[in-house]
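The block underneath contains the structure these notes are about, expressed in structure tokens.
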There are 2 protein chains.
Amino acid sequence: MTSFVERLEQACEANRSLVCVGLDVDPERMPVPDALEFNKGIIDATQDLVCAYKPNLAFYEALGLPGLRALEGTIEYVRAHAPGVVILGDAKRGDIEISAAAYARAMFRVWEFDAVTVNAWGGKDGLQPFLEYPGHGVFVWCRGSNPGSGDLQDLLVNTPHGIVPLYRHLARSAAEWNEHGNLALVMGATYPEQLSEVRQLCPGMPLLIPGVGAQGGGLDAAVRSGTDPRGRLAIFNSSRGIIYASSGSDFGAAARVAARKLRDSINQVLEAEGKGWS
Amino acid sequence: MTSFVERLEQACEANRSLVCVGLDVDPERMPVPDALEFNKGIIDATQDLVCAYKPNLAFYEALGLPGLRALEGTIEYVRAHAPGVVILGDAKRGDIEISAAAYARAMFRVWEFDAVTVNAWGGKDGLQPFLEYPGHGVFVWCRGSNPGSGDLQDLLVNTPHGIVPLYRHLARSAAEWNEHGNLALVMGATYPEQLSEVRQLCPGMPLLIPGVGAQGGGLDAAVRSGTDPRGRLAIFNSSRGIIYASSGSDFGAAARVAARKLRDSINQVLEAEGKGWS
């Protein structure tokens with residue numbers, strides 16, 4: 001079986017891209033009313049420029065069962081038209097073990113996501129059911145891209161490794177919990193020093209880095225801090241900056257321009273460091 | 001508009017009950033294959049003995065879209081047959097603000113839950129969108145009933161109020177964030193000292209206390225520690241211990257016996273403290 005890390009690396013290599021596009025459907029911003037039709041337009045326009053699509057389940061749940069049917073159709077569409085691209089379910093699920101096992105089943109067996117984001121508040125036994133799907137990636141939400149994330153994540157905690165911010169303790173714990181090699185982390189681009197620290201603590205772990213688009217994180221610093229020594233193992237998510245690049249009927253073409261610009265900007269940083277695509 | 005706390009108190013008063021029944025549908029344990037039919041049987045058998053039903057969304061999502069249709073039917077059935085009973089969506093949702101707003105809409109406008117459980121890892125700005133539905137309850141997952149919850153929740157953190165366990169800091173923060181009076185906490189029954197501390201930090205806040213049934217938490221200690229000085233504002237959840245009390249066709253009758261036993265056991269503790277129902 002291909003491991004999740006191999007699958008992700010293949011997806012990046014195939015399109016020479018570390019770009020993840022967030023498919024956050026919003027009826028107030030979509031130029032077409034149907035979420036599936038909108039996503040198809042985005043996917044058609046960007047599939048050769050990205051390594052991953054990341055639907056955030058919140059936006060589909062907010063549309064009720066029709067929204068979830070649109071999510072189902074979106075996943076099928078990516079599998080049919082862009083089979084090499086990774087689908088990452090941004091779900092931030094987490095619960096005690098028995099419930100977490102049901103969520104893991106929902107994410108990996110029902111939706112068939114390649115990877116999901118999870119919330120580690122319930123500790124290791126709440127993550128374990130996700131980790132036991134070794135072909136799938138489990139991205140633990142470590143440090144958010146929003147200011148409020150600091151309320152808990154930046155608190156100084158007493159650990160056997162000294163007094164450290166909580167997100168850093170979580171990153172270190174995640175490295176210990178990674179028995180199946182499928183654990184990964186979500187680290188906001190808005191705090192490059194933190195990204196750098198976590199990259200060092202978890203050298204072999206993929207990082208999902210949101211906040212490079214609409215949230216305004218500095219891309220160059222995020223690419224230098226977030227990638228591994230080969231310039232890989234980090235994927236950079238933009239949602240609104242790409243999918244709502246135009247509010248008109250040219251939304252697909254505009255998304256393509258924005259996705260290409262992000263891909264090329266990342267690749268320029270990699271090339272400047274001697275870590276471009278072969 | 002009735003506040004959520006008033007709505008919850010009315011539900012408790014009406015059935016003289018602090019019992020919440022967790023509707024965690026599991027195909028491997030249900031005596032009938034259809035989740036909605038199973039839930040109807042449980043609701044018919046227990047609706048005069050409980051203050052709340054708590055479907056955990058994990059178990060419905062694990063059944064795919066048919067599971068979510070069963071959840072929809074279950075909510076409609078409670079509204080039609082037990083309109084005074086509170087429906088608490090156990091969803092543990094949490095994300096950055098824009099996504100949290102979508103989840104809040106999903107929970108309160110699409111599913112129309114009276115209350116939900118949420119995850120505060122994203123800090124106050126991730127909770128705010130839920131809190132802005134003042135007629136609905138927002139139960140922050142503070143201290144879990146599972147051993148692994150201690151991995152993060154029990155870490156000692158440095159705060160302006162001294163060095164305290166993280167769950168206690170979260171409880172104190174939640175009391176500060178409770179601007180709309182609709183914030184509540186989830187506190188496992190398995191750790192009565194912790195329950196007691198949090199009750200004192202958050203005197204007016206409802207507590208959802210899981211872990212009194214299958215998870216084996218001591219009920220007497222949980223009732224004494226978790227309720228307010230009137231013997232109210234705490235609800236005690238049992239899922240498996242009630243809904244799977246029998247694996248046969250008498251599952252409704254068996255659930256009724258188990259729910260009545262839990263209600264009466266709680267009420268005996270309240271009466272012994274002079275806090276029984278008037």
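The way I read the labels, and the way they are meant: chains A, B, ... in the order of the structure tokens, residue 1 as the first residue of every chain, and ligand 1 as the first ligand shown, with later ones counted on from there.
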
Chain fit of chain A to chain B, all Cα atoms, as an mmCIF file with C-alpha atoms, in the first residue's frame:
```
data_model
loop_
_atom_site.group_PDB
_atom_site.id
_atom_site.type_symbol
_atom_site.label_atom_id
_atom_site.label_comp_id
_atom_site.auth_asym_id
_atom_site.auth_seq_id
_atom_site.Cartn_x
_atom_site.Cartn_y
_atom_site.Cartn_z
ATOM 1 C CA MET A 1 -37.055 35.180 23.606
ATOM 2 C CA THR A 2 -36.563 32.379 26.123
ATOM 3 C CA SER A 3 -32.880 32.023 26.963
ATOM 4 C CA PHE A 4 -31.241 28.631 26.570
ATOM 5 C CA VAL A 5 -30.754 28.316 30.328
ATOM 6 C CA GLU A 6 -34.476 28.954 30.917
ATOM 7 C CA ARG A 7 -35.379 26.446 28.212
ATOM 8 C CA LEU A 8 -33.130 23.811 29.807
ATOM 9 C CA GLU A 9 -34.487 24.468 33.302
ATOM 10 C CA GLN A 10 -38.055 24.127 32.015
ATOM 11 C CA ALA A 11 -37.182 20.807 30.360
ATOM 12 C CA CYS A 12 -35.672 19.500 33.619
ATOM 13 C CA GLU A 13 -38.596 20.728 35.729
ATOM 14 C CA ALA A 14 -41.234 19.273 33.394
ATOM 15 C CA ASN A 15 -39.971 15.710 33.775
ATOM 16 C CA ARG A 16 -38.247 16.205 37.145
ATOM 17 C CA SER A 17 -35.161 14.864 35.492
ATOM 18 C CA LEU A 18 -31.516 15.751 34.929
ATOM 19 C CA VAL A 19 -31.097 12.801 32.551
ATOM 20 C CA CYS A 20 -29.773 13.292 29.036
ATOM 21 C CA VAL A 21 -29.962 10.255 26.765
ATOM 22 C CA GLY A 22 -27.222 9.947 24.149
ATOM 23 C CA LEU A 23 -28.655 8.700 20.850
ATOM 24 C CA ASP A 24 -25.449 7.099 19.545
ATOM 25 C CA VAL A 25 -26.731 4.799 16.828
ATOM 26 C CA ASP A 26 -24.445 1.842 16.159
ATOM 27 C CA PRO A 27 -25.387 -0.767 13.530
ATOM 28 C CA GLU A 28 -23.451 -3.407 15.442
ATOM 29 C CA ARG A 29 -25.546 -2.924 18.579
ATOM 30 C CA MET A 30 -28.998 -1.772 17.457
ATOM 31 C CA PRO A 31 -31.630 -4.532 17.688
ATOM 32 C CA VAL A 32 -33.334 -3.066 14.586
ATOM 33 C CA PRO A 33 -31.365 -2.151 11.453
ATOM 34 C CA ASP A 34 -32.941 1.260 10.821
ATOM 35 C CA ALA A 35 -31.472 4.097 12.886
ATOM 36 C CA LEU A 36 -34.601 6.250 12.798
ATOM 37 C CA GLU A 37 -36.863 3.359 13.797
ATOM 38 C CA PHE A 38 -34.467 2.569 16.655
ATOM 39 C CA ASN A 39 -34.438 6.174 17.868
ATOM 40 C CA LYS A 40 -38.233 6.383 17.704
ATOM 41 C CA GLY A 41 -38.408 3.323 19.948
ATOM 42 C CA ILE A 42 -36.022 4.908 22.449
ATOM 43 C CA ILE A 43 -37.817 8.265 22.363
ATOM 44 C CA ASP A 44 -41.279 6.700 22.772
ATOM 45 C CA ALA A 45 -39.999 4.775 25.787
ATOM 46 C CA THR A 46 -38.113 7.561 27.570
ATOM 47 C CA GLN A 47 -39.547 10.961 26.638
ATOM 48 C CA ASP A 48 -41.253 11.528 30.012
ATOM 49 C CA LEU A 49 -38.082 10.625 31.931
ATOM 50 C CA VAL A 50 -35.462 12.902 30.368
ATOM 51 C CA CYS A 51 -34.626 16.576 29.951
ATOM 52 C CA ALA A 52 -32.529 16.159 26.809
ATOM 53 C CA TYR A 53 -31.600 13.907 23.917
ATOM 54 C CA LYS A 54 -28.041 14.099 22.654
ATOM 55 C CA PRO A 55 -27.358 12.604 19.221
ATOM 56 C CA ASN A 56 -23.599 12.417 18.636
ATOM 57 C CA LEU A 57 -23.113 13.384 15.004
ATOM 58 C CA ALA A 58 -20.152 11.016 14.614
ATOM 59 C CA PHE A 59 -22.429 7.977 14.605
ATOM 60 C CA TYR A 60 -24.789 9.448 11.982
ATOM 61 C CA GLU A 61 -21.932 10.595 9.735
ATOM 62 C CA ALA A 62 -20.483 7.082 9.902
ATOM 63 C CA LEU A 63 -23.695 5.867 8.207
ATOM 64 C CA GLY A 64 -23.321 8.325 5.315
ATOM 65 C CA LEU A 65 -26.172 10.408 3.912
ATOM 66 C CA PRO A 66 -28.811 7.820 5.011
ATOM 67 C CA GLY A 67 -27.507 8.311 8.557
ATOM 68 C CA LEU A 68 -27.916 12.067 8.283
ATOM 69 C CA ARG A 69 -31.456 11.610 6.993
ATOM 70 C CA ALA A 70 -32.116 9.442 10.070
ATOM 71 C CA LEU A 71 -30.791 12.288 12.227
ATOM 72 C CA GLU A 72 -33.122 14.714 10.471
ATOM 73 C CA GLY A 73 -36.052 12.348 11.089
ATOM 74 C CA THR A 74 -35.033 11.913 14.728
ATOM 75 C CA ILE A 75 -35.041 15.657 15.346
ATOM 76 C CA GLU A 76 -38.458 15.993 13.695
ATOM 77 C CA TYR A 77 -39.758 13.115 15.803
ATOM 78 C CA VAL A 78 -38.609 14.681 19.080
ATOM 79 C CA ARG A 79 -40.159 18.042 18.085
ATOM 80 C CA ALA A 80 -43.463 16.340 17.272
ATOM 81 C CA HIS A 81 -43.678 13.922 20.198
ATOM 82 C CA ALA A 82 -41.595 15.464 22.983
ATOM 83 C CA PRO A 83 -41.544 19.191 22.227
ATOM 84 C CA GLY A 84 -40.394 20.139 25.728
ATOM 85 C CA VAL A 85 -37.241 18.042 25.578
ATOM 86 C CA VAL A 86 -33.987 19.797 24.618
ATOM 87 C CA ILE A 87 -32.029 18.454 21.622
ATOM 88 C CA LEU A 88 -28.299 18.770 22.056
ATOM 89 C CA GLY A 89 -26.169 18.122 18.972
ATOM 90 C CA ASP A 90 -22.953 16.511 20.163
ATOM 91 C CA ALA A 91 -20.729 17.749 17.348
ATOM 92 C CA LYS A 92 -17.568 19.059 19.040
ATOM 93 C CA ARG A 93 -17.196 21.503 16.142
ATOM 94 C CA GLY A 94 -14.545 24.190 16.133
ATOM 95 C CA ASP A 95 -12.561 26.121 13.536
ATOM 96 C CA ILE A 96 -11.345 29.624 12.749
ATOM 97 C CA GLU A 97 -13.994 32.320 12.706
ATOM 98 C CA ILE A 98 -15.278 32.199 9.113
ATOM 99 C CA SER A 99 -15.589 28.395 9.180
ATOM 100 C CA ALA A 100 -17.001 28.402 12.708
ATOM 101 C CA ALA A 101 -19.731 30.764 11.452
ATOM 102 C CA ALA A 102 -20.651 28.149 8.825
ATOM 103 C CA TYR A 103 -20.704 25.395 11.471
ATOM 104 C CA ALA A 104 -22.884 27.536 13.754
ATOM 105 C CA ARG A 105 -25.300 28.089 10.894
ATOM 106 C CA ALA A 106 -25.337 24.329 10.179
ATOM 107 C CA MET A 107 -26.019 23.427 13.801
ATOM 108 C CA PHE A 108 -28.579 26.094 14.714
ATOM 109 C CA ARG A 109 -30.280 26.976 11.415
ATOM 110 C CA VAL A 110 -30.051 23.758 9.378
ATOM 111 C CA TRP A 111 -30.283 21.066 12.060
ATOM 112 C CA GLU A 112 -32.037 23.443 14.477
ATOM 113 C CA PHE A 113 -30.401 21.946 17.558
ATOM 114 C CA ASP A 114 -31.251 23.717 20.809
ATOM 115 C CA ALA A 115 -27.613 23.431 21.824
ATOM 116 C CA VAL A 116 -24.336 21.965 20.557
ATOM 117 C CA THR A 117 -21.011 20.855 21.914
ATOM 118 C CA VAL A 118 -18.015 22.765 20.552
ATOM 119 C CA ASN A 119 -14.240 22.585 20.716
ATOM 120 C CA ALA A 120 -12.441 25.712 21.946
ATOM 121 C CA TRP A 121 -8.958 24.932 20.556
ATOM 122 C CA GLY A 122 -9.331 27.895 18.144
ATOM 123 C CA GLY A 123 -9.850 30.321 21.032
ATOM 124 C CA LYS A 124 -12.532 32.917 21.587
ATOM 125 C CA ASP A 125 -12.868 34.097 18.003
ATOM 126 C CA GLY A 126 -13.656 30.531 16.935
ATOM 127 C CA LEU A 127 -16.429 30.320 19.564
ATOM 128 C CA GLN A 128 -17.921 33.739 18.936
ATOM 129 C CA PRO A 129 -20.044 32.740 15.906
ATOM 130 C CA PHE A 130 -21.778 30.064 18.021
ATOM 131 C CA LEU A 131 -22.280 32.425 20.962
ATOM 132 C CA GLU A 132 -24.058 34.890 18.702
ATOM 133 C CA TYR A 133 -27.128 32.654 18.652
ATOM 134 C CA PRO A 134 -28.253 33.716 22.143
ATOM 135 C CA GLY A 135 -31.285 31.409 22.278
ATOM 136 C CA HIS A 136 -29.045 28.376 21.792
ATOM 137 C CA GLY A 137 -26.655 26.670 24.196
ATOM 138 C CA VAL A 138 -22.949 26.310 23.410
ATOM 139 C CA PHE A 139 -21.290 23.568 25.458
ATOM 140 C CA VAL A 140 -17.498 23.953 25.370
ATOM 141 C CA TRP A 141 -15.693 20.624 25.760
ATOM 142 C CA CYS A 142 -13.660 21.437 28.868
ATOM 143 C CA ARG A 143 -12.554 18.170 30.494
ATOM 144 C CA GLY A 144 -13.273 14.861 28.795
ATOM 145 C CA SER A 145 -14.376 11.636 30.426
ATOM 146 C CA ASN A 146 -11.630 9.646 28.671
ATOM 147 C CA PRO A 147 -8.131 9.064 30.107
ATOM 148 C CA GLY A 148 -6.402 10.662 27.064
ATOM 149 C CA SER A 149 -8.217 13.909 27.704
ATOM 150 C CA GLY A 150 -5.557 14.577 30.306
ATOM 151 C CA ASP A 151 -2.821 14.686 27.626
ATOM 152 C CA LEU A 152 -3.577 18.350 26.933
ATOM 153 C CA GLN A 153 -6.389 19.296 29.309
ATOM 154 C CA ASP A 154 -4.468 18.577 32.517
ATOM 155 C CA LEU A 155 -1.221 20.283 31.513
ATOM 156 C CA LEU A 156 -0.160 22.964 33.973
ATOM 157 C CA VAL A 157 -0.258 26.371 32.304
ATOM 158 C CA ASN A 158 1.044 29.722 33.396
ATOM 159 C CA THR A 159 -1.807 32.239 33.601
ATOM 160 C CA PRO A 160 -2.428 35.615 35.272
ATOM 161 C CA HIS A 161 -4.238 33.562 37.942
ATOM 162 C CA GLY A 162 -1.234 31.378 38.651
ATOM 163 C CA ILE A 163 -0.201 27.945 37.456
ATOM 164 C CA VAL A 164 -3.349 25.901 36.870
ATOM 165 C CA PRO A 165 -4.422 22.893 34.826
ATOM 166 C CA LEU A 166 -5.454 23.887 31.328
ATOM 167 C CA TYR A 167 -9.076 22.720 31.716
ATOM 168 C CA ARG A 168 -9.442 25.040 34.689
ATOM 169 C CA HIS A 169 -7.992 27.954 32.719
ATOM 170 C CA LEU A 170 -10.451 27.161 29.931
ATOM 171 C CA ALA A 171 -13.375 27.118 32.403
ATOM 172 C CA ARG A 172 -12.311 30.523 33.740
ATOM 173 C CA SER A 173 -11.895 31.895 30.209
ATOM 174 C CA ALA A 174 -15.307 30.518 29.265
ATOM 175 C CA ALA A 175 -16.869 32.417 32.177
ATOM 176 C CA GLU A 176 -15.265 35.619 30.792
ATOM 177 C CA TRP A 177 -16.379 34.867 27.219
ATOM 178 C CA ASN A 178 -19.995 34.241 28.254
ATOM 179 C CA GLU A 179 -21.322 37.647 27.153
ATOM 180 C CA HIS A 180 -24.635 36.300 25.865
ATOM 181 C CA GLY A 181 -25.330 33.969 28.804
ATOM 182 C CA ASN A 182 -25.502 30.892 26.551
ATOM 183 C CA LEU A 183 -22.117 29.298 27.199
ATOM 184 C CA ALA A 184 -21.995 25.980 29.039
ATOM 185 C CA LEU A 185 -19.360 23.296 29.620
ATOM 186 C CA VAL A 186 -18.839 19.574 29.077
ATOM 187 C CA MET A 187 -17.174 18.079 32.154
ATOM 188 C CA GLY A 188 -16.596 14.321 32.488
ATOM 189 C CA ALA A 189 -18.112 12.589 35.519
ATOM 190 C CA THR A 190 -15.013 10.475 35.915
ATOM 191 C CA TYR A 191 -13.144 13.214 37.814
ATOM 192 C CA PRO A 192 -15.433 14.638 40.557
ATOM 193 C CA GLU A 193 -12.779 16.910 42.110
ATOM 194 C CA GLN A 194 -12.345 18.623 38.750
ATOM 195 C CA LEU A 195 -16.102 18.902 38.398
ATOM 196 C CA SER A 196 -16.262 20.566 41.777
ATOM 197 C CA GLU A 197 -13.569 23.126 40.931
ATOM 198 C CA VAL A 198 -15.238 24.030 37.649
ATOM 199 C CA ARG A 199 -18.662 24.294 39.290
ATOM 200 C CA GLN A 200 -17.184 26.909 41.618
ATOM 201 C CA LEU A 201 -15.502 28.847 38.812
ATOM 202 C CA CYS A 202 -18.689 28.899 36.709
ATOM 203 C CA PRO A 203 -21.554 29.035 39.213
ATOM 204 C CA GLY A 204 -24.323 29.972 36.776
ATOM 205 C CA MET A 205 -23.301 27.851 33.820
ATOM 206 C CA PRO A 206 -25.001 24.587 32.763
ATOM 207 C CA LEU A 207 -22.740 21.540 32.789
ATOM 208 C CA LEU A 208 -23.180 18.518 30.557
ATOM 209 C CA ILE A 209 -21.706 15.585 32.455
ATOM 210 C CA PRO A 210 -21.005 12.469 30.370
ATOM 211 C CA GLY A 211 -19.518 9.276 31.669
ATOM 212 C CA VAL A 212 -22.026 8.272 34.350
ATOM 213 C CA GLY A 213 -23.125 5.115 32.535
ATOM 214 C CA ALA A 214 -20.937 2.782 30.501
ATOM 215 C CA GLN A 215 -17.853 4.806 31.345
ATOM 216 C CA GLY A 216 -18.340 4.082 35.024
ATOM 217 C CA GLY A 217 -18.158 7.470 36.695
ATOM 218 C CA GLY A 218 -19.525 7.540 40.267
ATOM 219 C CA LEU A 219 -22.976 9.065 40.104
ATOM 220 C CA ASP A 220 -23.368 10.327 43.684
ATOM 221 C CA ALA A 221 -20.142 12.301 43.623
ATOM 222 C CA ALA A 222 -20.918 13.669 40.183
ATOM 223 C CA VAL A 223 -24.374 14.881 41.243
ATOM 224 C CA ARG A 224 -23.049 16.524 44.420
ATOM 225 C CA SER A 225 -20.080 18.120 42.622
ATOM 226 C CA GLY A 226 -21.737 19.072 39.362
ATOM 227 C CA THR A 227 -25.040 20.668 40.353
ATOM 228 C CA ASP A 228 -25.404 24.255 41.550
ATOM 229 C CA PRO A 229 -26.484 25.144 45.123
ATOM 230 C CA ARG A 230 -30.134 24.513 44.122
ATOM 231 C CA GLY A 231 -29.258 21.037 42.810
ATOM 232 C CA ARG A 232 -29.806 22.169 39.212
ATOM 233 C CA LEU A 233 -27.856 23.326 36.114
ATOM 234 C CA ALA A 234 -26.193 19.967 35.495
ATOM 235 C CA ILE A 235 -27.406 17.286 33.115
ATOM 236 C CA PHE A 236 -26.070 13.749 33.222
ATOM 237 C CA ASN A 237 -25.639 11.847 30.004
ATOM 238 C CA SER A 238 -25.815 8.126 29.520
ATOM 239 C CA SER A 239 -25.758 6.692 26.012
ATOM 240 C CA ARG A 240 -24.903 3.001 25.776
ATOM 241 C CA GLY A 241 -26.110 2.240 29.319
ATOM 242 C CA ILE A 242 -29.639 3.236 28.326
ATOM 243 C CA ILE A 243 -30.118 2.706 24.608
ATOM 244 C CA TYR A 244 -28.384 -0.681 24.530
ATOM 245 C CA ALA A 245 -29.768 -1.887 27.874
ATOM 246 C CA SER A 246 -31.247 -4.801 25.898
ATOM 247 C CA SER A 247 -30.087 -6.211 22.572
ATOM 248 C CA GLY A 248 -33.509 -7.756 21.932
ATOM 249 C CA SER A 249 -36.868 -6.522 20.692
ATOM 250 C CA ASP A 250 -37.602 -5.239 24.218
ATOM 251 C CA PHE A 251 -34.936 -2.525 23.810
ATOM 252 C CA GLY A 252 -37.482 0.248 24.395
ATOM 253 C CA ALA A 253 -38.780 -1.233 27.642
ATOM 254 C CA ALA A 254 -35.213 -1.903 28.812
ATOM 255 C CA ALA A 255 -34.175 1.656 27.957
ATOM 256 C CA ARG A 256 -37.126 2.919 29.985
ATOM 257 C CA VAL A 257 -36.060 0.898 33.016
ATOM 258 C CA ALA A 258 -32.473 2.148 32.708
ATOM 259 C CA ALA A 259 -33.488 5.788 32.171
ATOM 260 C CA ARG A 260 -35.886 5.678 35.100
ATOM 261 C CA LYS A 261 -33.217 4.137 37.295
ATOM 262 C CA LEU A 262 -30.736 6.876 36.396
ATOM 263 C CA ARG A 263 -33.321 9.627 36.902
ATOM 264 C CA ASP A 264 -34.388 8.216 40.268
ATOM 265 C CA SER A 265 -30.794 7.690 41.435
ATOM 266 C CA ILE A 266 -29.984 11.317 40.652
ATOM 267 C CA ASN A 267 -33.186 12.509 42.333
ATOM 268 C CA GLN A 268 -32.401 10.490 45.473
ATOM 269 C CA VAL A 269 -29.091 12.318 45.791
ATOM 270 C CA LEU A 270 -30.871 15.652 45.305
ATOM 271 C CA GLU A 271 -33.523 14.758 47.894
ATOM 272 C CA ALA A 272 -30.899 13.665 50.416
ATOM 273 C CA GLU A 273 -29.405 17.138 50.041
ATOM 274 C CA GLY A 274 -32.811 18.815 50.417
ATOM 275 C CA LYS A 275 -32.809 19.835 46.747
ATOM 276 C CA GLY A 276 -35.554 17.592 45.350
ATOM 277 C CA TRP A 277 -38.273 18.693 42.920
ATOM 278 C CA SER A 278 -41.094 20.782 44.408
#
```

- List every residue of stretch 29-232 of chain B that DSSP, applied to the backbone of this structure, assigns to strand (DSSP E or B), and report them as a ChimeraX atom specification. /B:52-54,56,86-93,115-118,137-143,156-159,162-165,183-187,207-209

Using the selection just defined, write its residues with N, CA and C atoms as a CSV table (one decimal), in the first residue's frame.
```csv
chain,number,residue,atom,x,y,z
B,52,ALA,N,-33.2,15.9,28.1
B,52,ALA,CA,-32.5,16.2,26.8
B,52,ALA,C,-32.2,14.9,26.1
B,53,TYR,N,-32.2,15.0,24.8
B,53,TYR,CA,-31.6,13.9,23.9
B,53,TYR,C,-30.3,14.5,23.3
B,54,LYS,N,-29.3,13.6,23.2
B,54,LYS,CA,-28.0,14.1,22.7
B,54,LYS,C,-27.5,13.1,21.6
B,56,ASN,N,-25.0,12.1,19.0
B,56,ASN,CA,-23.6,12.4,18.6
B,56,ASN,C,-23.4,12.3,17.1
B,86,VAL,N,-35.1,19.1,25.3
B,86,VAL,CA,-34.0,19.8,24.6
B,86,VAL,C,-33.2,18.8,23.7
B,87,ILE,N,-32.9,19.3,22.5
B,87,ILE,CA,-32.0,18.5,21.6
B,87,ILE,C,-30.6,19.1,21.5
B,88,LEU,N,-29.7,18.3,22.0
B,88,LEU,CA,-28.3,18.8,22.0
B,88,LEU,C,-27.5,18.0,21.0
B,89,GLY,N,-27.0,18.7,20.0
B,89,GLY,CA,-26.2,18.1,19.0
B,89,GLY,C,-24.7,18.0,19.5
B,90,ASP,N,-24.3,16.7,19.7
B,90,ASP,CA,-22.9,16.5,20.2
B,90,ASP,C,-22.0,16.4,18.9
B,91,ALA,N,-21.4,17.6,18.6
B,91,ALA,CA,-20.7,17.8,17.3
B,91,ALA,C,-19.3,18.1,17.5
B,92,LYS,N,-18.9,18.7,18.7
B,92,LYS,CA,-17.6,19.1,19.0
B,92,LYS,C,-16.9,19.9,17.9
B,93,ARG,N,-17.7,20.7,17.2
B,93,ARG,CA,-17.2,21.5,16.1
B,93,ARG,C,-16.3,22.6,16.6
B,115,ALA,N,-29.0,23.2,21.3
B,115,ALA,CA,-27.6,23.4,21.8
B,115,ALA,C,-26.6,22.5,21.1
B,116,VAL,N,-25.4,22.8,21.1
B,116,VAL,CA,-24.3,22.0,20.5
B,116,VAL,C,-23.1,21.9,21.5
B,117,THR,N,-22.3,20.9,21.3
B,117,THR,CA,-21.0,20.8,21.9
B,117,THR,C,-20.0,21.4,20.9
B,118,VAL,N,-19.0,22.2,21.4
B,118,VAL,CA,-18.0,22.8,20.5
B,118,VAL,C,-16.6,22.5,21.1
B,137,GLY,N,-27.8,27.0,23.3
B,137,GLY,CA,-26.7,26.7,24.2
B,137,GLY,C,-25.4,26.2,23.5
B,138,VAL,N,-24.3,26.6,24.0
B,138,VAL,CA,-23.0,26.3,23.4
B,138,VAL,C,-22.1,25.6,24.5
B,139,PHE,N,-22.0,24.3,24.4
B,139,PHE,CA,-21.3,23.6,25.4
B,139,PHE,C,-19.8,23.4,25.0
B,140,VAL,N,-18.9,24.1,25.7
B,140,VAL,CA,-17.5,23.9,25.4
B,140,VAL,C,-17.0,22.7,26.0
B,141,TRP,N,-16.3,21.9,25.2
B,141,TRP,CA,-15.7,20.6,25.7
B,141,TRP,C,-14.5,21.0,26.6
B,142,CYS,N,-14.7,20.9,27.9
B,142,CYS,CA,-13.7,21.4,28.9
B,142,CYS,C,-12.8,20.3,29.4
B,143,ARG,N,-13.3,19.3,30.0
B,143,ARG,CA,-12.5,18.2,30.5
B,143,ARG,C,-13.3,16.9,30.1
B,156,LEU,N,-0.2,21.8,33.1
B,156,LEU,CA,-0.2,22.9,34.0
B,156,LEU,C,0.3,24.1,33.1
B,157,VAL,N,-0.6,25.2,33.1
B,157,VAL,CA,-0.3,26.4,32.3
B,157,VAL,C,-0.1,27.6,33.2
B,158,ASN,N,0.8,28.5,32.7
B,158,ASN,CA,1.0,29.7,33.4
B,158,ASN,C,0.0,30.7,33.0
B,159,THR,N,-0.8,31.3,33.9
B,159,THR,CA,-1.8,32.2,33.6
B,159,THR,C,-1.7,33.4,34.6
B,162,GLY,N,-2.1,32.4,38.1
B,162,GLY,CA,-1.2,31.4,38.7
B,162,GLY,C,-1.1,30.2,37.7
B,163,ILE,N,-0.4,29.1,38.3
B,163,ILE,CA,-0.2,27.9,37.5
B,163,ILE,C,-1.4,27.0,37.8
B,164,VAL,N,-2.1,26.7,36.7
B,164,VAL,CA,-3.4,25.9,36.9
B,164,VAL,C,-3.4,24.9,35.7
B,165,PRO,N,-4.2,23.8,35.9
B,165,PRO,CA,-4.4,22.9,34.8
B,165,PRO,C,-5.2,23.6,33.7
B,183,LEU,N,-23.3,30.2,27.2
B,183,LEU,CA,-22.1,29.3,27.2
B,183,LEU,C,-22.3,28.3,28.3
B,184,ALA,N,-21.9,27.1,28.1
B,184,ALA,CA,-22.0,26.0,29.0
B,184,ALA,C,-20.7,25.1,28.9
B,185,LEU,N,-20.6,24.1,29.7
B,185,LEU,CA,-19.4,23.3,29.6
B,185,LEU,C,-19.7,21.8,29.6
B,186,VAL,N,-18.8,21.0,29.0
B,186,VAL,CA,-18.8,19.6,29.1
B,186,VAL,C,-17.7,19.2,30.1
B,187,MET,N,-18.1,18.5,31.1
B,187,MET,CA,-17.2,18.1,32.2
B,187,MET,C,-17.4,16.6,32.5
B,207,LEU,N,-23.8,22.5,33.1
B,207,LEU,CA,-22.7,21.5,32.8
B,207,LEU,C,-23.4,20.3,32.2
B,208,LEU,N,-22.8,19.8,31.1
B,208,LEU,CA,-23.2,18.5,30.6
B,208,LEU,C,-22.1,17.5,31.1
B,209,ILE,N,-22.6,16.5,31.8
B,209,ILE,CA,-21.7,15.6,32.5
B,209,ILE,C,-21.9,14.2,31.9
```
